[in-house]
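I have placed the structure first, in the form of structure tokens, so that the comments after it can refer back to it.
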Number of protein chains: 6
Amino acid sequence: MMQPNKHVYMSCEASFEEATTVIYGAPFDGTVSNRPGTRFAADAIRSESYGLETYSPFLNKDLEDVRIMDSGDVDITIGNKVKVLEELEETARTILNAGKLPFMIGGEHLVTLGPMRAVLEKYPDAIFVQLDAHTDLRDDYMGEPLSHATVVRRIHDLVGDNRIYQYGIRSGTKEEFDWSETHTVLEKFSIDTLKDLPGIIGNAPVYVTIDLDCLDPSIFPGTGTPEPGGLTYKELEPAFKVFEQLNVVAADIVELSPPYDHSGVSNAVAAKVARELLLSITN
Amino acid sequence: MMQPNKHVYMSCEASFEEATTVIYGAPFDGTVSNRPGTRFAADAIRSESYGLETYSPFLNKDLEDVRIMDSGDVDITIGNKVKVLEELEETARTILNAGKLPFMIGGEHLVTLGPMRAVLEKYPDAIFVQLDAHTDLRDDYMGEPLSHATVVRRIHDLVGDNRIYQYGIRSGTKEEFDWSETHTVLEKFSIDTLKDLPGIIGNAPVYVTIDLDCLDPSIFPGTGTPEPGGLTYKELEPAFKVFEQLNVVAADIVELSPPYDHSGVSNAVAAKVARELLLSITN
Amino acid sequence: MMQPNKHVYMSCEASFEEATTVIYGAPFDGTVSNRPGTRFAADAIRSESYGLETYSPFLNKDLEDVRIMDSGDVDITIGNKVKVLEELEETARTILNAGKLPFMIGGEHLVTLGPMRAVLEKYPDAIFVQLDAHTDLRDDYMGEPLSHATVVRRIHDLVGDNRIYQYGIRSGTKEEFDWSETHTVLEKFSIDTLKDLPGIIGNAPVYVTIDLDCLDPSIFPGTGTPEPGGLTYKELEPAFKVFEQLNVVAADIVELSPPYDHSGVSNAVAAKVARELLLSITN
Amino acid sequence: MMQPNKHVYMSCEASFEEATTVIYGAPFDGTVSNRPGTRFAADAIRSESYGLETYSPFLNKDLEDVRIMDSGDVDITIGNKVKVLEELEETARTILNAGKLPFMIGGEHLVTLGPMRAVLEKYPDAIFVQLDAHTDLRDDYMGEPLSHATVVRRIHDLVGDNRIYQYGIRSGTKEEFDWSETHTVLEKFSIDTLKDLPGIIGNAPVYVTIDLDCLDPSIFPGTGTPEPGGLTYKELEPAFKVFEQLNVVAADIVELSPPYDHSGVSNAVAAKVARELLLSITN
Amino acid sequence: MMQPNKHVYMSCEASFEEATTVIYGAPFDGTVSNRPGTRFAADAIRSESYGLETYSPFLNKDLEDVRIMDSGDVDITIGNKVKVLEELEETARTILNAGKLPFMIGGEHLVTLGPMRAVLEKYPDAIFVQLDAHTDLRDDYMGEPLSHATVVRRIHDLVGDNRIYQYGIRSGTKEEFDWSETHTVLEKFSIDTLKDLPGIIGNAPVYVTIDLDCLDPSIFPGTGTPEPGGLTYKELEPAFKVFEQLNVVAADIVELSPPYDHSGVSNAVAAKVARELLLSITN
Amino acid sequence: MMQPNKHVYMSCEASFEEATTVIYGAPFDGTVSNRPGTRFAADAIRSESYGLETYSPFLNKDLEDVRIMDSGDVDITIGNKVKVLEELEETARTILNAGKLPFMIGGEHLVTLGPMRAVLEKYPDAIFVQLDAHTDLRDDYMGEPLSHATVVRRIHDLVGDNRIYQYGIRSGTKEEFDWSETHTVLEKFSIDTLKDLPGIIGNAPVYVTIDLDCLDPSIFPGTGTPEPGGLTYKELEPAFKVFEQLNVVAADIVELSPPYDHSGVSNAVAAKVARELLLSITN
């Protein structure tokens, strides 16, 4: 008998019960100040993934050897950021409570606040690891406390000093950079010190967020706020071997905006980052 | 001495004091359910206007013979729709209180609610005239009462039955079409009955809103929710001669999304609609 | 428990057992002589359908009132047109044998040959009704008998004279037009005589194929071989009321090539044609 | 023995000696005030022509039955408009002196002045027939007498009153429209009176220029200055039957700007207009 | 007397007799599993070449000092891959038999099989040197033995072990990588060992194939299956100095898909790779 | 009272009197031999600048701490390159005479000749520092002495030998490279020796021109003549620290062509280069 059409990230065809990692999309871009469009990211990554192989020669691992489920995009309340964050938090909670690893595909960066709240509920001492072009440390953006530009500051509200590690940062106000000096660990322009992280935090539970605009716009033009001077794809790759050594309990990739890259390359990059990140954190 | 760069809709170089009509942009697209991007519309229309002439052979009028000011985009609070509506209402109020006609360039259609509230303050019996592909008559959209899909219903909350005239409507839920039968005047598929409106409402104050997606996507692809089967540009043109006969006290054009039309044609269409509408309602 | 992501044409969520019509995609474009890309059409139409409503004000019918299943794209053997046609034929046969109506989304026009063979097995006297810009009546194309440019000639091989009705044709070789005079019923440039078809063929079983390039490239730029001078969307609409009167036993829409229209309008047009066609032929 | 690659408009493979019509490209866009890019038009039309058939069902004529040569683009002196016009004039003169019909593919509209000067040398009483969105009747543009916006005024300098027929005009300054009332024959918005032209001018030699922006931007977005409200392709078609009745001695099509239409539809439209115009004027 | 328009890669204007290298296009993309469009590559490279100089400062050589002919695209049988390969083989044979070097512009990678067969006829001990992102070593693809994903395996069928050198490979199934360990020489991720090849194979006849997707998608987005993590253009450049030292008897560049890069950069990259490759192998 | 809309590069809101640096646009692309479109660059850079921060972490400087004015685009005489150069020269003269630093945004590279003439009037011993992909040293281009391809040769006419420093050059004719050996200082392929310049020229007045195509097309696709093999953004960055040490009296950035990069990344790159260059040369 014929079955309804499924549309999942390649090879991620496990049932919820079988899965150790569960993918979900967060199609929200309601607070972006520049180009919107990240709402279409998760669907684009699913489609594009079929241009890749399931096997990663870099990690020597294969998606066919792990059990991942793709649950689709969360049905969010468009235009209401408070509710959206609750909906995303609740999705992550469901996955965490089932003993699985939540893997979110944004959306703009504000979405990270939802699952991070669920993670802190289960792992109160979780560490937040961010790869990004932007600090996202503003206290408010045009008077609004909840914004893609304030999300890491909101997470700092929850975790306090020395629990946030920021890498690859190359844009922010002078105030943000000054503030970070006493409140977060921040590496400017590159991610070279990321390799030291396992030695520092050991087995602590980790939330990994990859704002894909940490990559240079040459390889990742499809994003809301392109910032020249970022990582090449090859410069990003070692991060995945670091993540293999960490105790990652939840992760996300955010800020792909498909409408701004007609070549589809940004979709392919995001799909490959998703594969490497899934392989590096899924057992 | 050299002056800072100005960027105004062509020929609209009057001072606020001189002007009889004042243009302002509403760069808001926070509740759209499909493709965002209308935040860039007003700026795109200003740039594109210089590809047109100031003279309209259709209306035999010239922008050089009227006094219009372009005050730029309102500095809105991104991500907070309630505040945005207040900010747009306040801008319209300032213009109305100075005895001038406010002319807004959206943005998504929800923005219309702001200036309509200011108009009703000054003209409690104002009529609402809408050219659109969509009814926009939902009572809520995914639980939210303020949305691009509910804006005309919200205006009905303020004006009641028989004060809303809708033309060119070709999309909506069955419930919306049914509801409209007893609450608004609605013409499906075309705008043929618009020509009768002056005879019906006489000199009553009128708010005109043109959702540019009333046009067929063939001539206006750059919009969030393209709906085939709309008006050609030539089918829209007679509307401007009708507006000349009405007592229009405020107007807007909405739903141009420049990122979705790389040819720039949608920008040119919006710029020409702006010219014809400005010429038809400015004294 | 969370479920795997489904991706179906809007509202077509019936099971195979419940459904009276079954959608399937035919992602094949291997014989096109000009721009390829139709392989991506079915997926694009599914995504785009959510920008439409389920209700058609033109037909006054609603997808929510019928039972349709979307079975996804057939898993075709890329690069082997003979096998592909067999695979599509087999899919149609499965649906027909279950007493349901097969609804295919191409793909290039050659794909029509597959389900037409299955239809003729069940309905040997079936009539073939084609809306198209091109005759598709070549006997071979560069020596190849199976091609998007020969598909209707191949169908004539199966059904013989006076069983093929062609509408909207505006391109072909002189030889094709001459040949059609004695072998098919062909209307040039428009579809005005389509309304007479129910009177001519009565209740005979009908296969309907809509090559979307029957539409003018102004409203449908996303196709392999754009041919100016076609139908507006409004000129196409009456066809759906004709199809309501026919005994349609299978149907398809073909030749959407999403990569060639970045605005997404062609996808929206195809999605709306699919809705109207589904509503007009599904009981 | 293998031959160097040729690239000609489809089927136009006659030698210069055999040909009765000779195509040449004018890749110049140096005076445009809005979007440049028409320099790429002739090459794009050649490539796109292979998506069409050589047979026109509208005119019931076939390119395979006439003898046309495509001589490629003239090697112009970029950045020097005076020299460019001389080079185009000389090319037309060479063709005219050989008793053949010159057919130019622009380029911006200024290029028309070159071959028109050569035509007037051979046919001092030639009539100028223009299909266009714009009057092109300015006396100067920003102080410059030679411009795409002044080209028809420059031609009036050569031919005087009542020798210029303008159709489809929908844009210009008030001064231009006023001036045209006593100096040219001008139809606004449509080309309905073109059918009367054979009765008026009889067998007089005619130069036909089609500025493709006479077409609506819905069907022809790829142009420097899109002006909504133009002709559909079907509204343009009758012109070709009028040209069949005129004594056309030279012709051109101008103002296709391929970079502004990624769908390629504008190229296809231009290629089809070229076919119909070639068929209607070539003996 | 005016001549028909030629369209050749810049400066490649030798006659067949004069030429030492002969360019031909292979406009075939019939077996691609992802984005098609390489059929348009050769024509795009010809047009784009005029934005480059004939002189290479990197190689200090000039196209004006060598004699190359561009014979245009082979007239292939669209939709029949077996015939297409025969046609390409025959073209290469003609060139080889005349004592010249065949230089093919694809097309998808399957096309390489055609000329490689002709090369092996003349040089039975030829070495195959491949720069590529993908192994192309599958034994079949969805049951088909002839595919862009199997082409190097088919070549292995002809040449056997240790005659195939693969560089820059970063994608494949685990099975392909495992198989390569005993059958080909394969360098992952980079081309660093290419410089050792002259020392290994000496003066053996060599077929060079550059699948342009060996380049990173940042510099080469216009390809069917973009794979992040590839070579920069500067990392590719040393390869040309290696090719100068080899006895290259035939070469190709494949997998440019112009429709997927509207900026034209991919065309420019392909045109420059063609220039450097032509200069490095032509005497 | 409401004010007319201003459109300036972010934060550059000083009055002419206050400003120490004055920005002006040069919307001219009349002599380009390949893709035109740089006329739109200055406006695009202004709009895009709002996606950046005013603070540069690389230079640790902030636009909010300096006083810059943006005077908009010069009102040039389109189609007359001699006049255009005079108009740009006059603008630069006005700024220089007021004791301020002129900062021009092109336009094609020929525009540099205008302000350079004004600079030499005030600083007869000025040094010309050029970052570029192309030599621009032709003596004429197709017979024309004034061209984007000859502009540096024209500057050599004014300053003579050893006053022109060229970096990053990777394209030119053999003659140009040969000529440069005795007339200019030229570094091929990279800008490594730029760091030595302060030691060589000390406090001499300097004109800095950055042809943005010195960057690799991967990060800067939006330009008229993309030339693979250029600088990454990070490779360009050290130049700004060199410029801090020089006595820069005027500067420009040229050759952004916005229509060729729909992602907007090229605009973002140009806007960031403008910020770094403004910060490095403004006191």
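Chain labels follow the order of the structure tokens: the first chain is A, the next B, and so on; residue numbering restarts at 1 in every chain, and ligands are counted from 1 in their shown order.
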
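Neighbours of segment 186-188 of chain F closer than or equal to 6 Å, with only C-alpha atoms counted and sequence neighbours fewer than 2 positions away skipped, come out as Gln166, Tyr167, Gly168, Ile169, Arg170 and Ser190 of chain F.
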
If you keep all heavy atoms, can you produce a file of those selected residues as a PDB file, in the first residue's frame?
ATOM      1  N   GLN F 166      51.556  49.439  -7.341  1.00  0.00           N
ATOM      2  CA  GLN F 166      50.429  48.558  -7.699  1.00  0.00           C
ATOM      3  C   GLN F 166      50.571  47.225  -6.964  1.00  0.00           C
ATOM      4  O   GLN F 166      51.631  46.607  -7.011  1.00  0.00           O
ATOM      5  CB  GLN F 166      50.435  48.313  -9.210  1.00  0.00           C
ATOM      6  CG  GLN F 166      50.415  49.603 -10.034  1.00  0.00           C
ATOM      7  CD  GLN F 166      50.372  49.318 -11.537  1.00  0.00           C
ATOM      8  OE1 GLN F 166      51.372  48.974 -12.143  1.00  0.00           O
ATOM      9  NE2 GLN F 166      49.193  49.471 -12.117  1.00  0.00           N
ATOM     10  N   TYR F 167      49.484  46.782  -6.346  1.00  0.00           N
ATOM     11  CA  TYR F 167      49.524  45.555  -5.538  1.00  0.00           C
ATOM     12  C   TYR F 167      48.397  44.599  -5.937  1.00  0.00           C
ATOM     13  O   TYR F 167      47.300  45.042  -6.272  1.00  0.00           O
ATOM     14  CB  TYR F 167      49.379  45.899  -4.058  1.00  0.00           C
ATOM     15  CG  TYR F 167      50.481  46.779  -3.550  1.00  0.00           C
ATOM     16  CD1 TYR F 167      50.343  48.170  -3.557  1.00  0.00           C
ATOM     17  CD2 TYR F 167      51.677  46.239  -3.081  1.00  0.00           C
ATOM     18  CE1 TYR F 167      51.366  48.992  -3.121  1.00  0.00           C
ATOM     19  CE2 TYR F 167      52.704  47.055  -2.634  1.00  0.00           C
ATOM     20  CZ  TYR F 167      52.550  48.430  -2.661  1.00  0.00           C
ATOM     21  OH  TYR F 167      53.574  49.237  -2.227  1.00  0.00           O
ATOM     22  N   GLY F 168      48.697  43.327  -5.844  1.00  0.00           N
ATOM     23  CA  GLY F 168      47.657  42.317  -6.054  1.00  0.00           C
ATOM     24  C   GLY F 168      47.320  42.064  -7.510  1.00  0.00           C
ATOM     25  O   GLY F 168      46.345  41.388  -7.813  1.00  0.00           O
ATOM     26  N   ILE F 169      48.161  42.548  -8.413  1.00  0.00           N
ATOM     27  CA  ILE F 169      47.852  42.501  -9.853  1.00  0.00           C
ATOM     28  C   ILE F 169      47.970  41.055 -10.351  1.00  0.00           C
ATOM     29  O   ILE F 169      48.975  40.392 -10.165  1.00  0.00           O
ATOM     30  CB  ILE F 169      48.840  43.387 -10.637  1.00  0.00           C
ATOM     31  CG1 ILE F 169      48.904  44.791 -10.025  1.00  0.00           C
ATOM     32  CG2 ILE F 169      48.439  43.422 -12.103  1.00  0.00           C
ATOM     33  CD1 ILE F 169      47.642  45.578 -10.018  1.00  0.00           C
ATOM     34  N   ARG F 170      46.929  40.589 -11.012  1.00  0.00           N
ATOM     35  CA  ARG F 170      46.983  39.231 -11.554  1.00  0.00           C
ATOM     36  C   ARG F 170      46.453  39.120 -12.974  1.00  0.00           C
ATOM     37  O   ARG F 170      46.251  38.007 -13.480  1.00  0.00           O
ATOM     38  CB  ARG F 170      46.249  38.262 -10.629  1.00  0.00           C
ATOM     39  CG  ARG F 170      44.790  38.569 -10.402  1.00  0.00           C
ATOM     40  CD  ARG F 170      44.229  37.679  -9.291  1.00  0.00           C
ATOM     41  NE  ARG F 170      42.803  37.823  -9.129  1.00  0.00           N
ATOM     42  CZ  ARG F 170      42.205  38.774  -8.419  1.00  0.00           C
ATOM     43  NH1 ARG F 170      42.911  39.675  -7.779  1.00  0.00           N
ATOM     44  NH2 ARG F 170      40.886  38.825  -8.336  1.00  0.00           N
ATOM     45  N   SER F 190      49.761  39.138  -4.954  1.00  0.00           N
ATOM     46  CA  SER F 190      49.539  39.359  -3.517  1.00  0.00           C
ATOM     47  C   SER F 190      49.878  40.798  -3.161  1.00  0.00           C
ATOM     48  O   SER F 190      50.276  41.591  -4.023  1.00  0.00           O
ATOM     49  CB  SER F 190      50.392  38.387  -2.707  1.00  0.00           C
ATOM     50  OG  SER F 190      51.760  38.568  -3.052  1.00  0.00           O
TER      51      SER F 190
END

Report as CSV: every residue of chain C with an atom at most 12 Å from chain D, its closest pair of atoms, and their distance in Å to one decimal, counting only C-alpha atoms, with rows sorted by chain and ascending residue number.
residue,atom,partner,partner_atom,distance
C:Val32,CA,D:Gly51,CA,10.7
C:Ser33,CA,D:Gly51,CA,8.0
C:Asn34,CA,D:Gly51,CA,6.2
C:Arg35,CA,D:Gly51,CA,8.9
C:Ala133,CA,D:Leu52,CA,11.3
C:His134,CA,D:Glu53,CA,10.0
C:Thr135,CA,D:Glu53,CA,11.4
C:Ala149,CA,D:Glu53,CA,11.8
C:Ile169,CA,D:Pro57,CA,9.5
C:Arg170,CA,D:Pro57,CA,6.8
C:Ser171,CA,D:Glu53,CA,6.9
C:Gly172,CA,D:Glu53,CA,6.2
C:Thr173,CA,D:Tyr55,CA,5.7
C:Lys174,CA,D:Tyr55,CA,6.1
C:Glu175,CA,D:Tyr55,CA,9.5
C:Glu176,CA,D:Tyr55,CA,10.4
C:Phe177,CA,D:Pro57,CA,8.3
C:Asp178,CA,D:Pro57,CA,10.8
C:Glu187,CA,D:Pro57,CA,11.7
C:Lys188,CA,D:Pro57,CA,8.4
C:Phe189,CA,D:Phe58,CA,8.7
C:Ser190,CA,D:Lys234,CA,11.0
C:Asp213,CA,D:Val265,CA,11.9
C:Leu215,CA,D:Ile219,CA,11.6
C:Asp216,CA,D:Ile219,CA,8.1
C:Pro217,CA,D:Val265,CA,6.5
C:Ser218,CA,D:Ile219,CA,4.3
C:Ile219,CA,D:Ser218,CA,7.5
C:Phe220,CA,D:Val265,CA,9.4
C:Pro221,CA,D:Val265,CA,6.2
C:Gly222,CA,D:Ser263,CA,6.6
C:Thr223,CA,D:Ser263,CA,8.5
C:Gly224,CA,D:Gly51,CA,8.8
C:Thr225,CA,D:Gly51,CA,6.0
C:Pro226,CA,D:Val265,CA,6.2
C:Glu227,CA,D:Ala268,CA,7.0
C:Pro228,CA,D:Val269,CA,5.9
C:Gly229,CA,D:Tyr233,CA,5.3
C:Gly230,CA,D:Lys234,CA,8.1
C:Leu231,CA,D:Lys234,CA,9.7
C:Thr232,CA,D:Thr232,CA,10.0
C:Ser257,CA,D:Ser263,CA,10.1
C:Pro258,CA,D:Ser263,CA,9.9
C:Pro259,CA,D:Ser263,CA,8.4
C:Tyr260,CA,D:Ser263,CA,4.8
C:Asp261,CA,D:Ser263,CA,5.6
C:His262,CA,D:Ser263,CA,7.9
C:Ser263,CA,D:Ser263,CA,9.8
C:Gly264,CA,D:Ser263,CA,11.3
C:Val265,CA,D:Ser263,CA,11.5
C:Ser266,CA,D:Ser263,CA,10.6

Q. If you run DSSP on this backbone, which residues of segment 70-275 of chain C come out as alpha helix (DSSP H), and could you give them as a ChimeraX atom specification?
A. /C:81-97,113-122,151-159,174-183,197-201,233-236,238-245,265-275

Q: Using backbone DSSP assignments, extract all strand (DSSP E or B) residues from segment 69-220 of chain D; output them as JSON, numbers by chain.
A: {"D": [69, 70, 71, 72, 73, 101, 102, 103, 104, 105, 106, 127, 128, 129, 130, 131, 134, 141, 144, 164, 165, 166, 167, 168, 169, 171, 185, 186, 187, 188, 205, 206, 207, 208, 209, 210, 211, 215]}

Q.
Applying 8 Å and only C-alpha atoms, which residues near Gln3 of chain A remain after dropping the ones on its own chain fewer than 6 positions away? List them as a VMD selection string.
A. chain C and resid 15 to 16 71

Q. Which residues, written as a ChimeraX atom specification, have at least one atom at most 12 Å from Gly202 of chain D, with only C-alpha atoms counted and residues fewer than 2 positions away on the same chain left out?
A. /D:126-127,196-200,204-206,242-243,245-248

Q | Distance of atom CA of Asp75 of chain D from atom CA of Cys214 of chain F, expressed in Å to one decimal place | A | 28.8 Å

Q: Fewer than 5 positions away in the same chain doesn't count, so skip those; otherwise give me all residues within 7 Å of segment 253-255 of chain B, counting only C-alpha atoms, as a PyMOL selection string.
A: chain B and resi 38+104-109+209-213+223-224

Q: Can you pull out every residue within 7 Å of Leu113 of chain B, counting only C-alpha atoms, but drop anything in the same chain fewer than 3 positions away, and send it as a PyMOL selection string?
A: chain B and resi 85+110+116-117+151+155

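Atom CA of Thr193 of chain D is found 28.8 Å from atom CA of Ser280 of chain B.
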